[in-house]
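Colleague: Here it is, the structure, as structure tokens.
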Amino acid sequence: MLIVITWLICGVVTGIIASSKGRTGVGWFLIGCILGIFGLILIACLPSLQAPATVPFNQVADARPTKTCPDCGETILMVANVCKHCGLRFDGSKVGA
């Protein structure tokens, strides 16, 4: 009897995890009941089918105006007076040179 309860618990937990990942909960419940702990491990390793709710920080578009440094060609902010890559001052001299 304990084995049957364990298999059912694995099926329920597998179905809950599958539903939270955007997969069919009922189908994964049956897979969890058949495979037991192996079904639970399988669904835990599979990626989510749902699109991420937020955009990663490094992919957020920066709307601040930019310009290109005439010396090194790197993009810097329009309000910058000194290029952070090569040290060019926009009056023509180099910082630290």
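Residues in the structure tokens are numbered from 1 in each chain, the chains being A, B, ... in the order shown, and ligands are numbered from 1 in the order shown.
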What's the 10 Å shell around Gly73 (chain A), counting only C-alpha atoms, without same-chain residues fewer than 5 positions away, as a PyMOL selection string?
Modeller: chain A and resi 67-68+83+85-86
Colleague: Between A:Gly25, A:Pro70, A:Gly36, A:Pro65, which residue has the minimum interatomic distance to Phe90 (chain A), considering only C-alpha atoms?
Modeller: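 Counting only C-alpha atoms, the residue closest to Phe90 (chain A) is A:Pro70.
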Colleague: Tell me which of A:Cys69, A:Ala63, A:Val26, A:Cys10 sits closest to Leu42 (chain A), counting only C-alpha atoms.
Modeller: A:Cys10
Colleague: Could you go through chain A and tell me which residues DSSP, when run on the backbone, assigns to strand (DSSP E or B), listing them as a VMD selection string?
Modeller: chain A and resid 66 to 68 75 to 77 82 88 to 89 94
